file model-v9.pdb (PDB, C-alpha atoms)
MODEL        1
ATOM      1  CA  MET A  13      -0.163 -27.415  10.623  1.00  0.00           C
ATOM      2  CA  THR A  14      -2.787 -27.460  13.367  1.00  0.00           C
ATOM      3  CA  ILE A  15      -3.824 -24.085  14.749  1.00  0.00           C
ATOM      4  CA  PHE A  16      -4.197 -24.223  18.540  1.00  0.00           C
ATOM      5  CA  TYR A  17      -5.786 -20.805  19.050  1.00  0.00           C
ATOM      6  CA  THR A  18      -8.491 -18.690  17.465  1.00  0.00           C
ATOM      7  CA  GLY A  19      -8.690 -15.566  19.595  1.00  0.00           C
ATOM      8  CA  LYS A  20     -12.504 -15.866  19.557  1.00  0.00           C
ATOM      9  CA  GLY A  21     -12.571 -16.128  23.342  1.00  0.00           C
ATOM     10  CA  ASP A  22     -10.593 -12.978  24.027  1.00  0.00           C
ATOM     11  CA  ASN A  23     -13.844 -11.157  24.830  1.00  0.00           C
ATOM     12  CA  GLY A  24     -14.703 -13.570  27.664  1.00  0.00           C
ATOM     13  CA  LYS A  25     -17.131 -15.734  25.689  1.00  0.00           C
ATOM     14  CA  THR A  26     -16.654 -19.215  24.330  1.00  0.00           C
ATOM     15  CA  GLY A  27     -18.465 -21.455  21.876  1.00  0.00           C
ATOM     16  CA  THR A  28     -20.279 -24.632  22.866  1.00  0.00           C
ATOM     17  CA  LEU A  29     -21.175 -27.734  20.878  1.00  0.00           C
ATOM     18  CA  SER A  30     -24.701 -26.359  20.450  1.00  0.00           C
ATOM     19  CA  GLY A  31     -23.215 -23.371  18.632  1.00  0.00           C
ATOM     20  CA  LYS A  32     -24.312 -21.107  21.467  1.00  0.00           C
ATOM     21  CA  ARG A  33     -21.705 -18.654  22.809  1.00  0.00           C
ATOM     22  CA  VAL A  34     -21.642 -18.304  26.579  1.00  0.00           C
ATOM     23  CA  GLU A  35     -19.688 -16.328  29.136  1.00  0.00           C
ATOM     24  CA  LYS A  36     -16.575 -18.187  30.267  1.00  0.00           C
ATOM     25  CA  SER A  37     -17.711 -17.423  33.815  1.00  0.00           C
ATOM     26  CA  SER A  38     -21.094 -19.112  33.294  1.00  0.00           C
ATOM     27  CA  ALA A  39     -22.279 -22.035  35.407  1.00  0.00           C
ATOM     28  CA  VAL A  40     -22.205 -24.250  32.302  1.00  0.00           C
ATOM     29  CA  MET A  41     -18.523 -23.507  31.732  1.00  0.00           C
ATOM     30  CA  ASP A  42     -17.838 -24.047  35.449  1.00  0.00           C
ATOM     31  CA  ALA A  43     -19.397 -27.510  35.173  1.00  0.00           C
ATOM     32  CA  ILE A  44     -17.436 -28.349  32.031  1.00  0.00           C
ATOM     33  CA  GLY A  45     -14.234 -27.074  33.653  1.00  0.00           C
ATOM     34  CA  ASP A  46     -14.841 -29.087  36.832  1.00  0.00           C
ATOM     35  CA  ILE A  47     -15.448 -32.236  34.770  1.00  0.00           C
ATOM     36  CA  ASP A  48     -12.246 -31.540  32.809  1.00  0.00           C
ATOM     37  CA  GLU A  49     -10.309 -31.145  36.063  1.00  0.00           C
ATOM     38  CA  LEU A  50     -11.863 -34.379  37.330  1.00  0.00           C
ATOM     39  CA  ASN A  51     -10.936 -36.193  34.125  1.00  0.00           C
ATOM     40  CA  SER A  52      -7.355 -34.922  34.421  1.00  0.00           C
ATOM     41  CA  SER A  53      -7.127 -36.073  38.041  1.00  0.00           C
ATOM     42  CA  VAL A  54      -8.383 -39.526  37.043  1.00  0.00           C
ATOM     43  CA  GLY A  55      -5.655 -39.519  34.367  1.00  0.00           C
ATOM     44  CA  ILE A  56      -3.048 -38.861  37.058  1.00  0.00           C
ATOM     45  CA  ALA A  57      -4.409 -41.804  39.044  1.00  0.00           C
ATOM     46  CA  VAL A  58      -4.210 -43.982  35.913  1.00  0.00           C
ATOM     47  CA  SER A  59      -0.578 -42.992  35.365  1.00  0.00           C
ATOM     48  CA  SER A  60       0.367 -44.184  38.853  1.00  0.00           C
ATOM     49  CA  CYS A  61      -1.730 -47.339  38.996  1.00  0.00           C
ATOM     50  CA  ARG A  62      -0.239 -50.777  38.339  1.00  0.00           C
ATOM     51  CA  HIS A  63      -3.466 -52.739  38.575  1.00  0.00           C
ATOM     52  CA  LYS A  64      -4.696 -53.537  35.084  1.00  0.00           C
ATOM     53  CA  ARG A  65      -8.383 -54.004  35.897  1.00  0.00           C
ATOM     54  CA  LEU A  66      -8.582 -50.751  37.843  1.00  0.00           C
ATOM     55  CA  VAL A  67      -6.835 -48.915  34.997  1.00  0.00           C
ATOM     56  CA  GLU A  68      -9.420 -50.312  32.557  1.00  0.00           C
ATOM     57  CA  MET A  69     -12.247 -49.053  34.756  1.00  0.00           C
ATOM     58  CA  LEU A  70     -10.680 -45.617  35.172  1.00  0.00           C
ATOM     59  CA  LYS A  71     -10.084 -45.194  31.425  1.00  0.00           C
ATOM     60  CA  ASP A  72     -13.701 -46.178  30.782  1.00  0.00           C
ATOM     61  CA  ILE A  73     -14.774 -43.507  33.272  1.00  0.00           C
ATOM     62  CA  GLN A  74     -12.567 -40.947  31.517  1.00  0.00           C
ATOM     63  CA  ASN A  75     -14.460 -41.641  28.292  1.00  0.00           C
ATOM     64  CA  ASP A  76     -17.761 -41.244  30.126  1.00  0.00           C
ATOM     65  CA  LEU A  77     -16.602 -37.875  31.477  1.00  0.00           C
ATOM     66  CA  PHE A  78     -15.928 -36.689  27.907  1.00  0.00           C
ATOM     67  CA  ILE A  79     -19.457 -37.736  26.985  1.00  0.00           C
ATOM     68  CA  ILE A  80     -20.938 -35.874  29.961  1.00  0.00           C
ATOM     69  CA  SER A  81     -18.989 -32.722  29.065  1.00  0.00           C
ATOM     70  CA  ALA A  82     -20.187 -32.961  25.482  1.00  0.00           C
ATOM     71  CA  GLN A  83     -23.794 -33.423  26.587  1.00  0.00           C
ATOM     72  CA  ILE A  84     -23.571 -30.348  28.807  1.00  0.00           C
ATOM     73  CA  ALA A  85     -21.798 -28.318  26.089  1.00  0.00           C
ATOM     74  CA  SER A  86     -24.531 -29.260  23.624  1.00  0.00           C
ATOM     75  CA  PHE A  87     -27.258 -28.159  26.070  1.00  0.00           C
ATOM     76  CA  GLY A  88     -28.945 -31.549  25.732  1.00  0.00           C
ATOM     77  CA  SER A  89     -29.007 -31.531  21.946  1.00  0.00           C
ATOM     78  CA  GLN A  90     -27.514 -34.627  20.359  1.00  0.00           C
ATOM     79  CA  SER A  91     -26.596 -32.741  17.179  1.00  0.00           C
ATOM     80  CA  GLY A  92     -22.887 -32.149  16.924  1.00  0.00           C
ATOM     81  CA  ILE A  93     -22.016 -35.178  19.054  1.00  0.00           C
ATOM     82  CA  LYS A  94     -23.264 -38.034  16.902  1.00  0.00           C
ATOM     83  CA  GLY A  95     -21.476 -41.298  17.546  1.00  0.00           C
ATOM     84  CA  LEU A  96     -20.171 -40.116  20.903  1.00  0.00           C
ATOM     85  CA  GLY A  97     -22.559 -42.230  22.932  1.00  0.00           C
ATOM     86  CA  SER A  98     -24.569 -41.186  25.924  1.00  0.00           C
ATOM     87  CA  ILE A  99     -24.773 -41.663  29.651  1.00  0.00           C
ATOM     88  CA  ASP A 100     -27.829 -43.684  30.589  1.00  0.00           C
ATOM     89  CA  ASP A 101     -29.061 -46.010  33.329  1.00  0.00           C
ATOM     90  CA  LYS A 102     -26.703 -48.735  32.031  1.00  0.00           C
ATOM     91  CA  SER A 103     -23.770 -46.385  32.641  1.00  0.00           C
ATOM     92  CA  VAL A 104     -24.854 -45.901  36.253  1.00  0.00           C
ATOM     93  CA  LYS A 105     -25.286 -49.673  36.683  1.00  0.00           C
ATOM     94  CA  LYS A 106     -21.786 -50.170  35.255  1.00  0.00           C
ATOM     95  CA  LEU A 107     -20.326 -47.982  38.016  1.00  0.00           C
ATOM     96  CA  GLU A 108     -22.268 -49.952  40.609  1.00  0.00           C
ATOM     97  CA  ASP A 109     -20.967 -53.204  39.102  1.00  0.00           C
ATOM     98  CA  TYR A 110     -17.409 -51.844  39.208  1.00  0.00           C
ATOM     99  CA  MET A 111     -17.851 -51.026  42.900  1.00  0.00           C
ATOM    100  CA  ASP A 112     -19.240 -54.494  43.600  1.00  0.00           C
ATOM    101  CA  GLU A 113     -16.322 -56.085  41.754  1.00  0.00           C
ATOM    102  CA  ILE A 114     -13.470 -54.266  43.476  1.00  0.00           C
ATOM    103  CA  GLY A 115     -15.317 -53.834  46.768  1.00  0.00           C
ATOM    104  CA  LYS A 116     -14.912 -57.561  47.400  1.00  0.00           C
ATOM    105  CA  GLU A 117     -11.202 -56.967  47.945  1.00  0.00           C
ATOM    106  CA  VAL A 118     -11.607 -54.029  50.316  1.00  0.00           C
ATOM    107  CA  PRO A 119     -11.550 -54.589  54.074  1.00  0.00           C
ATOM    108  CA  GLU A 120     -14.767 -53.744  55.910  1.00  0.00           C
ATOM    109  CA  LEU A 121     -14.887 -50.134  57.075  1.00  0.00           C
ATOM    110  CA  LYS A 122     -15.862 -49.351  60.627  1.00  0.00           C
ATOM    111  CA  GLU A 123     -14.683 -45.736  60.821  1.00  0.00           C
ATOM    112  CA  PHE A 124     -13.728 -42.798  58.614  1.00  0.00           C
ATOM    113  CA  VAL A 125     -10.496 -43.026  56.641  1.00  0.00           C
ATOM    114  CA  MET A 126      -7.911 -40.349  55.967  1.00  0.00           C
ATOM    115  CA  PRO A 127      -7.413 -39.673  52.256  1.00  0.00           C
ATOM    116  CA  GLY A 128      -4.008 -40.989  51.249  1.00  0.00           C
ATOM    117  CA  GLY A 129      -1.995 -44.147  51.442  1.00  0.00           C
ATOM    118  CA  ALA A 130      -0.300 -45.554  48.366  1.00  0.00           C
ATOM    119  CA  GLU A 131       0.237 -43.074  45.517  1.00  0.00           C
ATOM    120  CA  PRO A 132      -2.631 -44.294  43.313  1.00  0.00           C
ATOM    121  CA  ALA A 133      -4.981 -44.295  46.311  1.00  0.00           C
ATOM    122  CA  ALA A 134      -4.013 -40.738  47.220  1.00  0.00           C
ATOM    123  CA  TYR A 135      -4.702 -39.619  43.646  1.00  0.00           C
ATOM    124  CA  LEU A 136      -8.052 -41.438  43.680  1.00  0.00           C
ATOM    125  CA  HIS A 137      -9.054 -39.738  46.928  1.00  0.00           C
ATOM    126  CA  TYR A 138      -8.152 -36.405  45.337  1.00  0.00           C
ATOM    127  CA  ALA A 139     -10.213 -37.282  42.254  1.00  0.00           C
ATOM    128  CA  ARG A 140     -13.118 -38.181  44.581  1.00  0.00           C
ATOM    129  CA  ALA A 141     -13.052 -34.714  46.123  1.00  0.00           C
ATOM    130  CA  ILE A 142     -13.045 -33.128  42.661  1.00  0.00           C
ATOM    131  CA  ALA A 143     -15.889 -35.446  41.619  1.00  0.00           C
ATOM    132  CA  ARG A 144     -18.038 -34.090  44.433  1.00  0.00           C
ATOM    133  CA  ARG A 145     -17.433 -30.517  43.259  1.00  0.00           C
ATOM    134  CA  ALA A 146     -18.099 -31.499  39.650  1.00  0.00           C
ATOM    135  CA  GLU A 147     -21.350 -33.139  40.721  1.00  0.00           C
ATOM    136  CA  ARG A 148     -22.458 -29.933  42.458  1.00  0.00           C
ATOM    137  CA  SER A 149     -21.606 -27.949  39.310  1.00  0.00           C
ATOM    138  CA  VAL A 150     -23.567 -30.353  37.117  1.00  0.00           C
ATOM    139  CA  ILE A 151     -26.577 -30.135  39.435  1.00  0.00           C
ATOM    140  CA  ARG A 152     -26.433 -26.305  39.257  1.00  0.00           C
ATOM    141  CA  VAL A 153     -26.756 -26.407  35.445  1.00  0.00           C
ATOM    142  CA  SER A 154     -29.189 -29.336  35.258  1.00  0.00           C
ATOM    143  CA  ASP A 155     -32.122 -27.326  33.961  1.00  0.00           C
ATOM    144  CA  GLU A 156     -30.198 -24.899  31.752  1.00  0.00           C
ATOM    145  CA  ALA A 157     -28.128 -27.618  30.053  1.00  0.00           C
ATOM    146  CA  ASN A 158     -30.853 -30.300  29.989  1.00  0.00           C
ATOM    147  CA  VAL A 159     -28.824 -32.701  32.137  1.00  0.00           C
ATOM    148  CA  SER A 160     -30.492 -36.093  32.292  1.00  0.00           C
ATOM    149  CA  ASP A 161     -31.372 -37.959  35.464  1.00  0.00           C
ATOM    150  CA  SER A 162     -28.830 -40.607  34.409  1.00  0.00           C
ATOM    151  CA  VAL A 163     -26.008 -38.050  34.259  1.00  0.00           C
ATOM    152  CA  ARG A 164     -26.934 -36.758  37.717  1.00  0.00           C
ATOM    153  CA  SER A 165     -26.979 -40.321  39.066  1.00  0.00           C
ATOM    154  CA  TYR A 166     -23.701 -41.135  37.334  1.00  0.00           C
ATOM    155  CA  MET A 167     -21.971 -38.128  38.879  1.00  0.00           C
ATOM    156  CA  ASN A 168     -23.314 -39.141  42.300  1.00  0.00           C
ATOM    157  CA  ARG A 169     -22.081 -42.740  41.954  1.00  0.00           C
ATOM    158  CA  LEU A 170     -18.725 -41.628  40.599  1.00  0.00           C
ATOM    159  CA  SER A 171     -17.503 -40.144  43.881  1.00  0.00           C
ATOM    160  CA  SER A 172     -18.513 -43.382  45.613  1.00  0.00           C
ATOM    161  CA  PHE A 173     -16.664 -45.420  43.003  1.00  0.00           C
ATOM    162  CA  LEU A 174     -13.517 -43.320  43.397  1.00  0.00           C
ATOM    163  CA  PHE A 175     -13.651 -43.828  47.175  1.00  0.00           C
ATOM    164  CA  VAL A 176     -13.917 -47.613  46.768  1.00  0.00           C
ATOM    165  CA  ALA A 177     -11.185 -47.503  44.115  1.00  0.00           C
ATOM    166  CA  ALA A 178      -8.870 -45.686  46.552  1.00  0.00           C
ATOM    167  CA  LEU A 179      -9.537 -48.323  49.208  1.00  0.00           C
ATOM    168  CA  TYR A 180      -8.944 -51.026  46.601  1.00  0.00           C
ATOM    169  CA  ALA A 181      -5.639 -49.445  45.517  1.00  0.00           C
ATOM    170  CA  ASN A 182      -4.463 -49.328  49.129  1.00  0.00           C
ATOM    171  CA  ALA A 183      -5.486 -52.974  49.638  1.00  0.00           C
ATOM    172  CA  LYS A 184      -3.621 -54.025  46.474  1.00  0.00           C
ATOM    173  CA  GLU A 185      -0.546 -52.094  47.639  1.00  0.00           C
ATOM    174  CA  ARG A 186      -0.923 -53.705  51.081  1.00  0.00           C
ATOM    175  CA  ARG A 187      -1.357 -50.333  52.734  1.00  0.00           C
ATOM    176  CA  GLY A 188      -3.717 -50.155  55.652  1.00  0.00           C
ATOM    177  CA  GLU A 189      -6.073 -47.230  55.951  1.00  0.00           C
ATOM    178  CA  GLU A 190      -5.273 -44.443  58.387  1.00  0.00           C
ATOM    179  CA  HIS A 191      -8.068 -43.033  60.506  1.00  0.00           C
ATOM    180  CA  PRO A 192      -8.598 -39.519  61.825  1.00  0.00           C
ATOM    181  CA  TRP A 193      -7.672 -38.787  65.402  1.00  0.00           C
ATOM    182  CA  TYR A 194     -10.856 -37.762  67.139  1.00  0.00           C
TER     183      TYR A 194
ENDMDL
END

call {"tool": "encode", "arguments": {"input": "model-v9.pdb", "output": "structure tokens"}}
result
Amino acid sequence: MTIFYTGKGDNGKTGTLSGKRVEKSSAVMDAIGDIDELNSSVGIAVSSCRHKRLVEMLKDIQNDLFIISAQIASFGSQSGIKGLGSIDDKSVKKLEDYMDEIGKEVPELKEFVMPGGAEPAAYLHYARAIARRAERSVIRVSDEANVSDSVRSYMNRLSSFLFVAALYANAKERRGEEHPWY
């Protein structure tokens, strides 16, 4: 039987992949928690999306988010996460390529858009907002957790990708974008 609890965190500290114990309220744990929330929100978008290629991209991104969390939890050390992979410049380029691919099917934007539309698009807009918070959290712990330039760039591109993905989902669902009243 698998044990799902240890009680080791009852004192407000938790273990990391580096073996270091940190306060659950630490900036590192905030970043890991924000990335986990982001990954979960991307999972919700996946569950509502009927477009195979977009689902493939989103699942790939979910894997990348696990890698980023592991890199932060290991404080930059690769020990303890062998075989997991890493986020590098190729990962950032992949996100840019994804945006170029699906962006071809998105109408040209001339004004701001309201988050929403078709269900998958609404979930992707929500994930985008969480991605921006997760990026800020990752930046806050960059020095402490030895976050690479590639991870910072990836987190920056990710919110852009999720925005384009939301527009793409609305286009595929034949839903026009709504614009703010100003």

call {"tool": "atom_distance", "arguments": {"input": "model-v9.pdb", "atom1": "atom CA of Lys71 of chain A", "atom2": "atom CA of Gly128 of chain A"}}
result
21.2 Å

call {"tool": "residues_around", "arguments": {"input": "model-v9.pdb", "residues": "Arg169 of chain A", "least_positions_apart": "5", "cutoff": "8 Å", "atoms": "only C-alpha atoms", "output": "ChimeraX atom specification"}}
result
/A:104,107-108

call {"tool": "resolve_selection", "arguments": {"input": "model-v9.pdb", "expression": "the PyMOL selection byres ((chain A and resi 151) around 12)", "output": "mmCIF file with C-alpha atoms, in the frame of the given file"}}
result
data_model
loop_
_atom_site.group_PDB
_atom_site.id
_atom_site.type_symbol
_atom_site.label_atom_id
_atom_site.label_comp_id
_atom_site.auth_asym_id
_atom_site.auth_seq_id
_atom_site.Cartn_x
_atom_site.Cartn_y
_atom_site.Cartn_z
ATOM 1 C CA ALA A 39 -22.279 -22.035 35.407
ATOM 2 C CA VAL A 40 -22.205 -24.250 32.302
ATOM 3 C CA ASP A 42 -17.838 -24.047 35.449
ATOM 4 C CA ALA A 43 -19.397 -27.510 35.173
ATOM 5 C CA ILE A 44 -17.436 -28.349 32.031
ATOM 6 C CA ILE A 84 -23.571 -30.348 28.807
ATOM 7 C CA ARG A 144 -18.038 -34.090 44.433
ATOM 8 C CA ARG A 145 -17.433 -30.517 43.259
ATOM 9 C CA ALA A 146 -18.099 -31.499 39.650
ATOM 10 C CA GLU A 147 -21.350 -33.139 40.721
ATOM 11 C CA ARG A 148 -22.458 -29.933 42.458
ATOM 12 C CA SER A 149 -21.606 -27.949 39.310
ATOM 13 C CA VAL A 150 -23.567 -30.353 37.117
ATOM 14 C CA ARG A 152 -26.433 -26.305 39.257
ATOM 15 C CA VAL A 153 -26.756 -26.407 35.445
ATOM 16 C CA SER A 154 -29.189 -29.336 35.258
ATOM 17 C CA ASP A 155 -32.122 -27.326 33.961
ATOM 18 C CA GLU A 156 -30.198 -24.899 31.752
ATOM 19 C CA ALA A 157 -28.128 -27.618 30.053
ATOM 20 C CA ASN A 158 -30.853 -30.300 29.989
ATOM 21 C CA VAL A 159 -28.824 -32.701 32.137
ATOM 22 C CA SER A 160 -30.492 -36.093 32.292
ATOM 23 C CA ASP A 161 -31.372 -37.959 35.464
ATOM 24 C CA SER A 162 -28.830 -40.607 34.409
ATOM 25 C CA VAL A 163 -26.008 -38.050 34.259
ATOM 26 C CA ARG A 164 -26.934 -36.758 37.717
ATOM 27 C CA SER A 165 -26.979 -40.321 39.066
ATOM 28 C CA TYR A 166 -23.701 -41.135 37.334
ATOM 29 C CA MET A 167 -21.971 -38.128 38.879
ATOM 30 C CA ASN A 168 -23.314 -39.141 42.300
#

call {"tool": "resolve_selection", "arguments": {"input": "model-v9.pdb", "expression": "the PyMOL selection byres ((chain A and resi 55) around 12)", "output": "list of chain:residue names"}}
result
A:Asp48, A:Glu49, A:Leu50, A:Asn51, A:Ser52, A:Ser53, A:Val54, A:Ile56, A:Ala57, A:Val58, A:Ser59, A:Ser60, A:Cys61, A:Val67, A:Glu68, A:Met69, A:Leu70, A:Lys71, A:Asp72, A:Ile73, A:Gln74, A:Asn75, A:Leu77, A:Pro132, A:Tyr135, A:Leu136, A:Tyr138, A:Ala139

call {"tool": "closest_residue", "arguments": {"input": "model-v9.pdb", "among": "A:Asp46, A:Ile80, A:Ala85, A:Ala183", "to": "Val34 of chain A", "atoms": "all atoms listed in the file"}}
result
A:Ala85

call {"tool": "atom_distance", "arguments": {"input": "model-v9.pdb", "atom1": "atom CA of Ser172 of chain A", "atom2": "atom CA of Gly45 of chain A"}}
result
20.7 Å

call {"tool": "atom_distance", "arguments": {"input": "model-v9.pdb", "atom1": "atom CA of Glu117 of chain A", "atom2": "atom CA of Tyr180 of chain A"}}
result
6.5 Å

call {"tool": "closest_residue", "arguments": {"input": "model-v9.pdb", "among": "A:Ile99, A:Ala82, A:Ala134, A:Val125", "to": "Ser30 of chain A", "atoms": "only C-alpha atoms"}}
result
A:Ala82

call {"tool": "build_atoms", "arguments": {"input": "model-v9.pdb", "residues": "segment 130-161 of chain A", "atoms": "N, CA and C atoms", "output": "tab-separated table (two decimals), in the frame of the given file"}}
result
chain	number	residue	atom	x	y	z
A	130	ALA	N	-1.15	-45.34	49.54
A	130	ALA	CA	-0.30	-45.55	48.37
A	130	ALA	C	-0.59	-44.46	47.34
A	131	GLU	N	0.37	-44.18	46.48
A	131	GLU	CA	0.24	-43.07	45.52
A	131	GLU	C	-1.05	-43.15	44.69
A	132	PRO	N	-1.38	-44.29	44.09
A	132	PRO	CA	-2.63	-44.29	43.31
A	132	PRO	C	-3.86	-44.03	44.18
A	133	ALA	N	-3.85	-44.52	45.41
A	133	ALA	CA	-4.98	-44.30	46.31
A	133	ALA	C	-5.11	-42.81	46.65
A	134	ALA	N	-3.99	-42.17	46.90
A	134	ALA	CA	-4.01	-40.74	47.22
A	134	ALA	C	-4.58	-39.95	46.04
A	135	TYR	N	-4.17	-40.30	44.83
A	135	TYR	CA	-4.70	-39.62	43.65
A	135	TYR	C	-6.19	-39.89	43.48
A	136	LEU	N	-6.63	-41.10	43.79
A	136	LEU	CA	-8.05	-41.44	43.68
A	136	LEU	C	-8.88	-40.70	44.72
A	137	HIS	N	-8.35	-40.54	45.92
A	137	HIS	CA	-9.05	-39.74	46.93
A	137	HIS	C	-9.18	-38.29	46.45
A	138	TYR	N	-8.12	-37.77	45.86
A	138	TYR	CA	-8.15	-36.40	45.34
A	138	TYR	C	-9.20	-36.29	44.23
A	139	ALA	N	-9.22	-37.27	43.33
A	139	ALA	CA	-10.21	-37.28	42.25
A	139	ALA	C	-11.63	-37.35	42.84
A	140	ARG	N	-11.81	-38.09	43.93
A	140	ARG	CA	-13.12	-38.18	44.58
A	140	ARG	C	-13.58	-36.81	45.05
A	141	ALA	N	-12.68	-36.05	45.65
A	141	ALA	CA	-13.05	-34.71	46.12
A	141	ALA	C	-13.44	-33.81	44.94
A	142	ILE	N	-12.71	-33.92	43.85
A	142	ILE	CA	-13.04	-33.13	42.66
A	142	ILE	C	-14.38	-33.60	42.08
A	143	ALA	N	-14.63	-34.90	42.14
A	143	ALA	CA	-15.89	-35.45	41.62
A	143	ALA	C	-17.08	-34.86	42.37
A	144	ARG	N	-16.93	-34.67	43.66
A	144	ARG	CA	-18.04	-34.09	44.43
A	144	ARG	C	-18.32	-32.65	44.00
A	145	ARG	N	-17.25	-31.90	43.74
A	145	ARG	CA	-17.43	-30.52	43.26
A	145	ARG	C	-18.05	-30.53	41.86
A	146	ALA	N	-17.55	-31.41	41.01
A	146	ALA	CA	-18.10	-31.50	39.65
A	146	ALA	C	-19.58	-31.87	39.68
A	147	GLU	N	-19.94	-32.77	40.59
A	147	GLU	CA	-21.35	-33.14	40.72
A	147	GLU	C	-22.19	-31.92	41.10
A	148	ARG	N	-21.71	-31.14	42.07
A	148	ARG	CA	-22.46	-29.93	42.46
A	148	ARG	C	-22.60	-28.97	41.28
A	149	SER	N	-21.55	-28.83	40.48
A	149	SER	CA	-21.61	-27.95	39.31
A	149	SER	C	-22.61	-28.45	38.29
A	150	VAL	N	-22.63	-29.76	38.08
A	150	VAL	CA	-23.57	-30.35	37.12
A	150	VAL	C	-25.00	-30.15	37.60
A	151	ILE	N	-25.24	-30.34	38.88
A	151	ILE	CA	-26.58	-30.14	39.44
A	151	ILE	C	-27.01	-28.69	39.23
A	152	ARG	N	-26.09	-27.73	39.43
A	152	ARG	CA	-26.43	-26.30	39.26
A	152	ARG	C	-26.91	-25.99	37.84
A	153	VAL	N	-26.39	-26.71	36.83
A	153	VAL	CA	-26.76	-26.41	35.44
A	153	VAL	C	-27.76	-27.40	34.88
A	154	SER	N	-28.30	-28.26	35.73
A	154	SER	CA	-29.19	-29.34	35.26
A	154	SER	C	-30.31	-28.84	34.35
A	155	ASP	N	-31.00	-27.81	34.77
A	155	ASP	CA	-32.12	-27.33	33.96
A	155	ASP	C	-31.65	-26.60	32.71
A	156	GLU	N	-30.69	-25.70	32.88
A	156	GLU	CA	-30.20	-24.90	31.75
A	156	GLU	C	-29.60	-25.76	30.65
A	157	ALA	N	-28.85	-26.80	31.03
A	157	ALA	CA	-28.13	-27.62	30.05
A	157	ALA	C	-28.85	-28.94	29.76
A	158	ASN	N	-30.08	-29.08	30.23
A	158	ASN	CA	-30.85	-30.30	29.99
A	158	ASN	C	-30.10	-31.56	30.40
A	159	VAL	N	-29.57	-31.56	31.62
A	159	VAL	CA	-28.82	-32.70	32.14
A	159	VAL	C	-29.82	-33.79	32.52
A	160	SER	N	-29.57	-34.98	32.04
A	160	SER	CA	-30.49	-36.09	32.29
A	160	SER	C	-30.37	-36.61	33.72
A	161	ASP	N	-31.41	-37.31	34.15
A	161	ASP	CA	-31.37	-37.96	35.46
A	161	ASP	C	-30.21	-38.95	35.54
